[in-house]
$ cat start-v9.cif   # mmCIF, C-alpha atoms
data_query
loop_
_atom_site.label_atom_id
_atom_site.label_comp_id
_atom_site.auth_asym_id
_atom_site.auth_seq_id
_atom_site.Cartn_x
_atom_site.Cartn_y
_atom_site.Cartn_z
CA MET L 72 -257.96 -22.43 -85.00
CA LEU L 73 -259.98 -19.68 -86.71
CA ASP L 74 -263.15 -21.62 -87.46
CA GLY L 75 -266.09 -20.36 -85.41
CA ARG L 76 -264.03 -17.56 -83.85
CA ILE L 77 -264.58 -13.80 -83.99
CA PHE L 78 -261.85 -12.05 -85.99
CA VAL L 79 -260.82 -8.81 -84.28
CA ALA L 80 -258.50 -6.15 -85.68
CA HIS L 81 -257.95 -2.41 -85.73
CA ASN L 82 -259.51 -1.53 -89.14
CA VAL L 83 -260.59 -5.13 -89.48
CA HIS L 84 -261.26 -5.23 -93.24
CA PHE L 85 -257.60 -4.50 -93.99
CA ASP L 86 -256.28 -7.46 -91.98
CA HIS L 87 -259.18 -9.77 -92.84
CA THR L 88 -258.52 -9.37 -96.59
CA PHE L 89 -254.89 -10.48 -96.24
CA VAL L 90 -255.72 -13.49 -94.11
CA LYS L 91 -258.62 -14.51 -96.36
CA GLN L 92 -256.52 -14.30 -99.52
CA SER L 93 -253.64 -16.24 -97.96
CA LEU L 94 -255.97 -19.03 -96.87
CA SER L 95 -257.73 -19.01 -100.24
CA ARG L 96 -254.44 -19.76 -102.00
CA HIS L 97 -254.36 -23.01 -100.01
CA GLY L 98 -257.98 -23.88 -100.80
CA LEU L 99 -259.43 -22.78 -97.44
CA GLU L 100 -262.48 -20.53 -97.06
CA PHE L 101 -262.42 -17.89 -94.34
CA GLU L 102 -265.82 -16.42 -93.53
CA GLY L 103 -267.14 -15.46 -90.15
CA GLU L 104 -267.99 -12.71 -87.73
CA MET L 105 -265.66 -9.73 -87.32
CA LEU L 106 -265.23 -6.87 -84.89
CA CYS L 107 -263.45 -3.62 -85.72
CA THR L 108 -261.91 -1.87 -82.71
CA ILE L 109 -261.97 1.45 -84.57
CA LYS L 110 -265.71 1.44 -85.29
CA THR L 111 -266.54 -0.09 -81.91
CA GLY L 112 -264.25 2.44 -80.20
CA ARG L 113 -266.05 5.35 -81.84
CA ALA L 114 -269.35 3.98 -80.52
CA LEU L 115 -268.28 3.08 -76.98
CA VAL L 116 -265.58 5.70 -76.34
CA PRO L 117 -266.78 8.76 -78.27
CA GLY L 118 -264.90 12.05 -78.34
CA LEU L 119 -261.31 10.82 -78.61
CA PRO L 120 -259.04 13.13 -80.64
CA SER L 121 -258.12 10.24 -82.97
CA TYR L 122 -258.91 6.57 -83.36
CA LYS L 123 -255.61 5.48 -84.83
CA LEU L 124 -254.09 2.64 -82.84
CA SER L 125 -251.29 4.72 -81.34
CA SER L 126 -253.67 7.58 -80.50
CA MET L 127 -256.25 5.29 -78.88
CA CYS L 128 -253.52 3.62 -76.84
CA LYS L 129 -252.35 7.03 -75.61
CA SER L 130 -255.91 8.14 -74.74
CA LEU L 131 -256.70 4.85 -72.95
CA GLU L 132 -253.27 4.71 -71.24
CA ILE L 133 -252.21 1.51 -72.99
CA VAL L 134 -248.49 0.94 -73.45
CA LEU L 135 -247.58 0.44 -77.13
CA ASP L 136 -243.95 -0.50 -77.64
CA ASN L 137 -242.58 -1.14 -81.15
CA ALA L 138 -245.56 0.37 -82.97
CA HIS L 139 -246.32 -1.01 -86.45
CA ARG L 140 -244.82 -4.39 -85.56
CA ALA L 141 -247.26 -7.28 -85.82
CA TYR L 142 -247.05 -8.65 -82.26
CA SER L 143 -247.03 -5.23 -80.56
CA ASP L 144 -250.00 -3.94 -82.55
CA ALA L 145 -251.98 -7.15 -81.97
CA LEU L 146 -251.27 -7.02 -78.22
CA ALA L 147 -252.34 -3.36 -78.05
CA THR L 148 -255.52 -4.21 -79.98
CA ALA L 149 -256.25 -6.96 -77.42
CA HIS L 150 -255.94 -4.42 -74.59
CA ILE L 151 -258.31 -2.05 -76.42
CA LEU L 152 -260.74 -4.94 -76.94
CA THR L 153 -260.70 -5.66 -73.18
CA ILE L 154 -261.57 -2.03 -72.38
CA LEU L 155 -264.31 -1.96 -75.01
CA ASN L 156 -265.77 -5.19 -73.61
CA GLU L 157 -265.93 -3.56 -70.17
CA LYS L 158 -267.61 -0.45 -71.62
CA ALA L 159 -270.21 -2.72 -73.27
CA ASP L 160 -270.81 -4.65 -70.02
CA GLY L 161 -269.52 -7.80 -71.64
CA ASN L 162 -271.91 -7.64 -74.62
CA LEU L 163 -270.15 -6.81 -77.89
CA ILE L 164 -272.60 -8.78 -80.03
CA PRO L 165 -274.34 -5.63 -81.39
CA TYR L 166 -270.97 -4.50 -82.80
CA LEU L 167 -270.20 -7.71 -84.70
CA TYR L 168 -270.78 -8.01 -88.40
CA ARG L 169 -270.16 -10.55 -91.10
CA LYS L 170 -268.48 -9.85 -94.42
CA GLU L 171 -270.62 -11.67 -96.90
CA PRO L 172 -268.77 -13.35 -99.79
CA ARG L 173 -269.10 -11.41 -103.02
CA LYS L 174 -271.46 -13.24 -105.32
CA ASN L 175 -271.43 -13.77 -109.04
CA PRO L 176 -274.68 -12.12 -110.22
CA SER L 177 -274.10 -12.99 -113.87
CA GLN L 178 -275.13 -15.87 -116.12
CA ILE L 179 -271.45 -16.63 -116.70
CA SER L 180 -270.19 -19.63 -114.74
CA GLU L 181 -267.45 -19.21 -112.18
CA GLU L 182 -265.56 -22.02 -113.92
CA GLN L 183 -265.31 -19.86 -117.06
CA LEU L 184 -264.13 -16.86 -115.07
CA ASP L 185 -261.54 -18.81 -113.10
CA ALA L 186 -260.22 -20.43 -116.28
CA LEU L 187 -259.20 -17.05 -117.72
CA PRO L 188 -255.45 -16.35 -117.62
CA SER L 189 -253.86 -13.66 -115.46
CA GLN L 190 -252.25 -12.02 -118.49
CA ALA L 191 -252.71 -8.91 -120.59
CA GLY L 192 -255.18 -9.19 -123.43
CA ILE L 193 -258.72 -8.68 -124.72
CA LEU L 194 -261.80 -9.90 -122.89
CA TYR L 195 -264.91 -10.76 -124.96
CA PHE L 196 -268.43 -11.03 -123.53
CA HIS L 197 -270.84 -13.11 -125.66
CA ASN L 198 -274.64 -13.43 -125.68
CA HIS L 199 -276.54 -16.71 -126.02
CA ALA L 200 -276.13 -16.55 -129.83
CA GLY L 201 -272.36 -16.32 -129.49
CA GLN L 202 -272.19 -12.69 -130.64
CA VAL L 203 -269.62 -10.38 -129.03
CA ILE L 204 -271.66 -7.77 -127.17
CA MET L 205 -268.76 -6.13 -125.32
CA LEU L 206 -264.98 -6.26 -125.39
CA THR L 207 -262.39 -4.64 -123.17
CA SER L 208 -258.64 -4.67 -122.69
CA ALA L 209 -256.89 -5.52 -119.44
CA SER L 210 -253.47 -6.00 -117.94
CA ASN L 211 -254.93 -9.02 -116.11
CA ILE L 212 -257.81 -10.66 -117.99
CA ARG L 213 -259.11 -12.79 -115.11
CA LYS L 214 -259.01 -9.94 -112.61
CA LYS L 215 -260.81 -7.60 -115.02
CA ALA L 216 -263.50 -10.20 -115.77
CA TRP L 217 -264.26 -10.77 -112.09
CA ALA L 218 -264.25 -7.03 -111.38
CA LEU L 219 -266.81 -6.43 -114.12
CA VAL L 220 -269.01 -9.38 -113.23
CA LYS L 221 -269.18 -8.36 -109.57
CA ARG L 222 -270.47 -4.97 -110.69
CA PHE L 223 -273.20 -6.43 -112.90
CA HIS L 224 -275.83 -5.38 -110.37
CA HIS L 225 -274.94 -1.71 -110.95
CA LYS L 226 -277.40 0.25 -113.04
CA ARG L 227 -274.97 0.94 -115.89
CA LEU L 228 -274.04 -2.74 -116.29
CA LEU L 229 -277.47 -4.32 -115.78
CA PRO L 230 -278.28 -4.47 -119.53
CA LEU L 231 -274.99 -6.29 -120.13
CA ALA L 232 -275.69 -8.64 -117.21
CA THR L 233 -279.01 -9.73 -118.72
CA GLU L 234 -277.44 -10.64 -122.08
CA ALA L 235 -273.91 -11.87 -121.31
CA THR L 236 -273.80 -15.66 -121.02
CA SER L 237 -270.13 -16.48 -121.66
CA VAL L 238 -266.65 -14.98 -121.90
CA ASN L 239 -263.71 -15.56 -124.18
CA HIS L 240 -260.27 -14.00 -124.38
CA GLU L 241 -257.25 -13.21 -126.50
CA THR L 242 -253.89 -12.75 -124.82
CA THR L 243 -251.54 -10.06 -126.06
CA ASP L 244 -247.90 -9.44 -125.36
CA SER L 245 -248.46 -6.20 -123.45
CA GLU L 246 -251.11 -4.04 -121.85
CA LEU L 247 -250.47 -1.29 -124.39
CA LEU L 248 -250.96 -3.67 -127.31
CA ALA L 249 -254.21 -4.85 -125.70
CA MET L 250 -255.47 -1.25 -125.60
CA VAL L 251 -254.50 -0.67 -129.24
CA LYS L 252 -256.21 -3.89 -130.35
CA GLN L 253 -259.34 -3.04 -128.37
CA TYR L 254 -259.55 0.30 -130.15
CA LEU L 255 -259.10 -1.32 -133.58
CA LEU L 256 -261.65 -4.06 -132.85
CA GLU L 257 -264.22 -1.55 -131.61
CA ASN L 258 -263.90 0.40 -134.85
CA GLN L 259 -264.29 -2.77 -136.92
CA SER L 260 -267.26 -4.38 -135.18
CA THR L 261 -268.81 -1.82 -132.75
CA PRO L 262 -270.06 -4.26 -130.06
CA LYS L 263 -273.44 -3.39 -128.58
CA PHE L 264 -272.24 -2.37 -125.11
CA ASN L 265 -269.00 -0.61 -126.04
CA ARG L 266 -268.90 3.15 -125.94
CA LYS L 267 -267.30 4.65 -129.01
CA GLN L 268 -263.98 6.20 -128.04
CA ARG L 269 -263.51 9.89 -128.68
CA VAL L 270 -260.88 10.55 -131.34
CA PHE L 271 -259.21 13.93 -131.13
CA GLU L 272 -255.89 15.24 -132.36
CA THR L 273 -253.16 16.32 -129.94
CA ARG L 274 -250.28 16.54 -132.42
CA PHE L 275 -249.08 19.80 -133.95
CA GLY L 276 -246.88 20.47 -136.96
CA ILE L 277 -244.70 23.31 -138.18
CA THR L 278 -245.59 24.86 -141.51
CA ASP L 279 -244.94 28.24 -143.15
CA GLU L 280 -246.86 31.00 -144.88
CA LYS L 281 -245.86 34.09 -146.82
CA GLY L 282 -247.44 37.31 -145.67
CA SER L 283 -248.62 40.17 -147.85
CA ASP L 284 -245.28 41.87 -147.12
CA GLY L 285 -243.44 39.01 -148.88
CA TYR L 286 -241.79 37.58 -145.74
CA LEU L 287 -241.97 33.85 -144.87
CA ARG L 288 -243.02 32.98 -141.36
CA LEU L 289 -242.95 29.67 -139.46
CA LYS L 290 -246.10 28.75 -137.59
CA SER L 291 -247.59 25.78 -135.75
CA ALA L 292 -250.93 24.23 -136.63
CA PRO L 293 -252.98 21.18 -135.55
CA TYR L 294 -251.78 18.09 -137.37
CA HIS L 295 -253.83 16.78 -140.28
CA PRO L 296 -252.71 13.90 -142.52
CA ASP L 297 -253.72 15.80 -145.67
CA SER L 298 -251.63 18.86 -144.79
CA VAL L 299 -247.92 19.32 -145.45
CA PHE L 300 -245.78 19.85 -142.37
CA HIS L 301 -242.05 20.34 -142.16
CA LYS L 302 -242.04 18.45 -138.85
CA VAL L 303 -244.66 16.96 -136.53
CA PHE L 304 -244.62 17.17 -132.73
CA ALA L 305 -246.50 15.38 -129.96
CA THR L 306 -247.90 18.61 -128.48
CA HIS L 307 -248.45 22.27 -129.32
CA GLN L 308 -245.89 23.23 -126.67
CA GLU L 309 -243.13 21.28 -128.40
CA ALA L 310 -243.89 22.82 -131.80
CA HIS L 311 -244.07 26.34 -130.36
CA LYS L 312 -240.79 25.89 -128.47
CA THR L 313 -239.02 24.70 -131.65
CA ILE L 314 -240.22 27.75 -133.60
CA LYS L 315 -239.09 30.04 -130.79
CA ASN L 316 -235.63 28.44 -130.70
CA LEU L 317 -235.30 28.71 -134.50
CA ASN L 318 -236.28 32.36 -134.45
CA GLN L 319 -233.70 33.09 -131.78
CA SER L 320 -230.85 31.11 -133.37
CA LEU L 321 -231.40 32.49 -136.90
CA GLN L 322 -232.47 35.96 -135.73
CA LEU L 323 -235.85 35.58 -137.34
CA SER L 324 -238.91 37.58 -136.45
CA ASP L 325 -242.61 36.97 -136.88
CA SER L 326 -243.64 40.51 -136.00
CA ILE L 327 -244.61 42.92 -138.77
CA GLY L 328 -242.25 45.89 -139.13
CA LEU L 329 -239.31 44.31 -137.29
CA PHE L 330 -237.48 42.95 -140.34
CA SER L 331 -234.00 44.46 -140.83
CA GLU L 332 -233.33 42.87 -144.23
CA PRO L 333 -235.15 42.53 -147.56
CA PRO L 334 -237.59 39.62 -148.06
CA GLU L 335 -235.34 37.66 -150.44
CA GLN L 336 -232.43 37.58 -147.98
CA TYR L 337 -234.64 36.95 -144.99
CA ASN L 338 -236.60 34.17 -146.70
CA GLN L 339 -233.39 32.33 -147.53
CA LYS L 340 -232.73 31.93 -143.82
CA VAL L 341 -236.27 30.70 -143.26
CA GLU L 342 -235.93 28.18 -146.10
CA ALA L 343 -232.64 26.95 -144.62
CA ALA L 344 -234.44 26.43 -141.29
CA ILE L 345 -237.22 24.55 -143.09
CA LEU L 346 -234.68 22.31 -144.81
CA ASN L 347 -233.08 21.42 -141.47
CA LEU L 348 -236.50 20.67 -139.97
CA THR L 349 -237.44 18.43 -142.88
CA LYS L 350 -234.19 16.49 -142.60
CA SER L 351 -234.42 15.99 -138.84
CA VAL L 352 -236.87 13.09 -138.95
CA THR L 353 -237.66 11.79 -135.46
CA ARG L 354 -237.57 8.00 -135.29
CA TYR L 355 -237.79 5.99 -132.10
CA LEU L 356 -238.74 2.58 -130.74
CA VAL L 357 -241.04 2.24 -127.72
CA PHE L 358 -240.44 -0.99 -125.80
CA ASP L 359 -243.41 -1.99 -123.65
CA LYS L 360 -242.85 -3.82 -120.37
CA MET L 361 -242.13 -7.53 -120.54
CA THR L 362 -244.99 -9.93 -119.78
CA GLN L 363 -245.02 -13.01 -117.56
CA THR L 364 -244.38 -15.12 -120.65
CA GLY L 365 -241.13 -13.25 -121.36
CA THR L 366 -242.33 -11.32 -124.41
CA SER L 367 -242.66 -7.59 -125.01
CA THR L 368 -244.08 -5.35 -127.70
CA LEU L 369 -242.08 -2.82 -129.69
CA PHE L 370 -243.82 0.16 -131.33
CA TYR L 371 -242.09 2.08 -134.12
CA VAL L 372 -242.81 5.82 -134.21
CA GLU L 373 -241.72 8.13 -137.03
CA ASN L 374 -242.49 11.87 -137.00
CA GLU L 375 -244.99 11.21 -134.19
CA ILE L 376 -246.87 8.65 -136.30
CA VAL L 377 -247.08 5.08 -134.95
CA LYS L 378 -246.10 3.08 -138.01
CA GLY L 379 -246.51 -0.40 -136.54
CA TYR L 380 -245.45 -2.93 -133.92
CA CYS L 381 -243.81 -6.30 -133.51
CA VAL L 382 -243.45 -8.81 -130.65
CA LEU L 383 -240.05 -9.67 -129.20
CA ASN L 384 -238.87 -12.41 -126.89
CA LYS L 385 -236.68 -11.60 -123.91
CA TYR L 386 -233.46 -12.61 -125.69
CA GLU L 387 -233.90 -10.29 -128.67
CA LYS L 388 -232.07 -6.96 -128.79
CA ILE L 389 -233.39 -4.51 -131.35
CA ASN L 390 -231.81 -1.12 -131.90
CA GLN L 391 -232.21 -0.56 -135.65
CA LEU L 392 -235.31 -0.35 -137.81
CA GLU L 393 -233.87 -2.85 -140.30
CA ASP L 394 -234.05 -5.57 -137.63
CA ILE L 395 -237.85 -5.41 -137.44
CA ALA L 396 -238.94 -4.14 -140.87
CA ASP L 397 -240.03 -7.57 -142.15
CA ARG L 398 -241.80 -8.54 -138.92
CA MET L 399 -243.70 -5.35 -138.21
CA THR L 400 -247.49 -5.28 -138.23
CA PRO L 401 -248.40 -1.93 -139.84
CA LEU L 402 -250.81 0.50 -138.21
CA GLU L 403 -252.78 3.31 -139.80
CA ASN L 404 -251.96 6.89 -138.87
CA ASP L 405 -254.52 7.34 -136.10
CA PRO L 406 -254.41 10.06 -133.41
CA ALA L 407 -255.96 7.72 -130.83
CA ILE L 408 -253.21 5.11 -131.26
CA PHE L 409 -250.49 7.75 -131.04
CA ARG L 410 -252.09 9.16 -127.89
CA MET L 411 -252.07 5.72 -126.23
CA VAL L 412 -248.39 5.12 -127.02
CA HIS L 413 -247.40 8.67 -126.09
CA ARG L 414 -249.30 8.55 -122.78
CA PHE L 415 -247.66 5.26 -121.79
CA ALA L 416 -244.23 6.65 -122.71
CA THR L 417 -244.59 9.98 -120.89
CA LYS L 418 -245.98 8.34 -117.75
CA GLY L 419 -243.11 5.86 -117.54
CA LYS L 420 -245.34 2.81 -118.05
CA ILE L 421 -242.96 1.36 -120.63
CA ARG L 422 -239.58 -0.38 -120.41
CA LYS L 423 -237.53 2.05 -122.51
CA ILE L 424 -237.38 4.31 -125.59
CA THR L 425 -234.59 3.97 -128.16
CA TYR L 426 -234.02 6.85 -130.57
CA LEU L 427 -232.73 5.76 -133.97
CA ASN L 428 -229.95 7.44 -135.90
CA GLN L 429 -231.02 10.40 -137.99
CA PRO L 430 -230.59 10.04 -141.77
#
$ encode --input "start-v9.cif" --output "structure tokens"
Amino acid sequence: MLDGRIFVAHNVHFDHTFVKQSLSRHGLEFEGEMLCTIKTGRALVPGLPSYKLSSMCKSLEIVLDNAHRAYSDALATAHILTILNEKADGNLIPYLYRKEPRKNPSQISEEQLDALPSQAGILYFHNHAGQVIMLTSASNIRKKAWALVKRFHHKRLLPLATEATSVNHETTDSELLAMVKQYLLENQSTPKFNRKQRVFETRFGITDEKGSDGYLRLKSAPYHPDSVFHKVFATHQEAHKTIKNLNQSLQLSDSIGLFSEPPEQYNQKVEAAILNLTKSVTRYLVFDKMTQTGTSTLFYVENEIVKGYCVLNKYEKINQLEDIADRMTPLENDPAIFRMVHRFATKGKIRKITYLNQP
């Protein structure tokens, strides 16, 4: 029914994509000439206030009942097409165009690309010698591979296109785990076409210092693994807010000349606050979203340090650290890994967070 016909729609690429994909799922190719009544309308009926379907119908005095329903919109588009055909004196050929199929400009076969799974994981590009020249993480390996390959003609990817001859993959149990593994693999092997990720610290900790007047003061400072902190926070704002609340609740002051008690008495209150901070260890489990295979990844965070992860199946319920201690894959204290986990958690891209009981 569609073969050899001209496909007409209002904003034709939108509709054409849906029809093409639906047919493709059944093994049918859909290529041919198209006509967009928006673009053709702008050319043949210039000066209209708007070229939305409802606006064009109003300007051209076409009745549009039940707008945004498939039959009504298609019928209104047919009426617009009739008017445009009259404006063009029956010759709409100059306004037709064909959407060429996107080609595979790489040396990688389409069979390899289509064989990749639609799962989260790591994608490896190899050269003719089998060396990994680029790796990347993805929530959908096959989709990411095709997206990259179709951009191989771009200037930035041309060097990769000339060397990449095959692809391989490793599935992971979550998109977040794929990102973490990509970061670790890049640091281990440094593939030729991977850009080194910037590593910067976003965490802050609370420490103390004694001034020349003998008074202890709490302060926040950028986190460093070699420094001693009473407590670590994800951001400077969180650390600063905690210090402010402690000062208010214990009637502390960090301003010179505002102390109403001798240093020994005042410092005892500060030391009590420090003791409470040290005891209040923050421990929580970050559960990543479940994959198509029914697994999910759990990350264990302690004092804003990602200690490790383990993979769970959909029937497992974990709420205590003891349940995963023997199964956990440890991770080094790395600001980049914490930033990935924290960003996923704060943007709601995870399943849930479970805070563990304080000691």
$ residues_around --input "start-v9.cif" --residues "L:Ser126" --least-positions-apart "5" --cutoff "12 Å" --atoms "all atoms listed in the file" --output "ChimeraX atom specification"
/L:109,112,119-121,131-135,138,147-148,151
$ write_last_selection --input "start-v9.cif" --atoms "C-alpha atoms" --output "CSV table (one decimal), in the coordinates of the input"
chain,number,residue,atom,x,y,z
L,109,ILE,CA,-262.0,1.4,-84.6
L,112,GLY,CA,-264.2,2.4,-80.2
L,119,LEU,CA,-261.3,10.8,-78.6
L,120,PRO,CA,-259.0,13.1,-80.6
L,121,SER,CA,-258.1,10.2,-83.0
L,131,LEU,CA,-256.7,4.8,-73.0
L,132,GLU,CA,-253.3,4.7,-71.2
L,133,ILE,CA,-252.2,1.5,-73.0
L,134,VAL,CA,-248.5,0.9,-73.4
L,135,LEU,CA,-247.6,0.4,-77.1
L,138,ALA,CA,-245.6,0.4,-83.0
L,147,ALA,CA,-252.3,-3.4,-78.0
L,148,THR,CA,-255.5,-4.2,-80.0
L,151,ILE,CA,-258.3,-2.0,-76.4
$ closest_residue --input "start-v9.cif" --among "L:Pro334, L:Ala292, L:Cys381, L:Glu342" --to "L:Ile395" --atoms "all atoms listed in the file"
L:Cys381
$ resolve_selection --input "start-v9.cif" --expression "the PyMOL selection byres ((chain L and resi 86-97) around 12)" --output "ChimeraX atom specification"
/L:73,77-85,98-107,141,144-145,169-170,172
$ resolve_selection --input "start-v9.cif" --expression "the PyMOL selection byres ((chain L and resi 275-282) around 6)" --output "PyMOL selection string"
chain L and resi 274+283-294+300-304+306-307
$ closest_residue --input "start-v9.cif" --among "L:Leu348, L:Ala407, L:Leu248, L:Val299" --to "L:Leu369" --atoms "only C-alpha atoms"
L:Leu248
$ resolve_selection --input "start-v9.cif" --expression "the PyMOL selection byres ((chain L and resi 215-232) around 7)" --output "ChimeraX atom specification"
/L:174-177,184,209,211-214,233-235,264
$ atom_distance --input "start-v9.cif" --atom1 "atom CA of L:Ser125" --atom2 "atom CA of L:Asn156"
19.2 Å
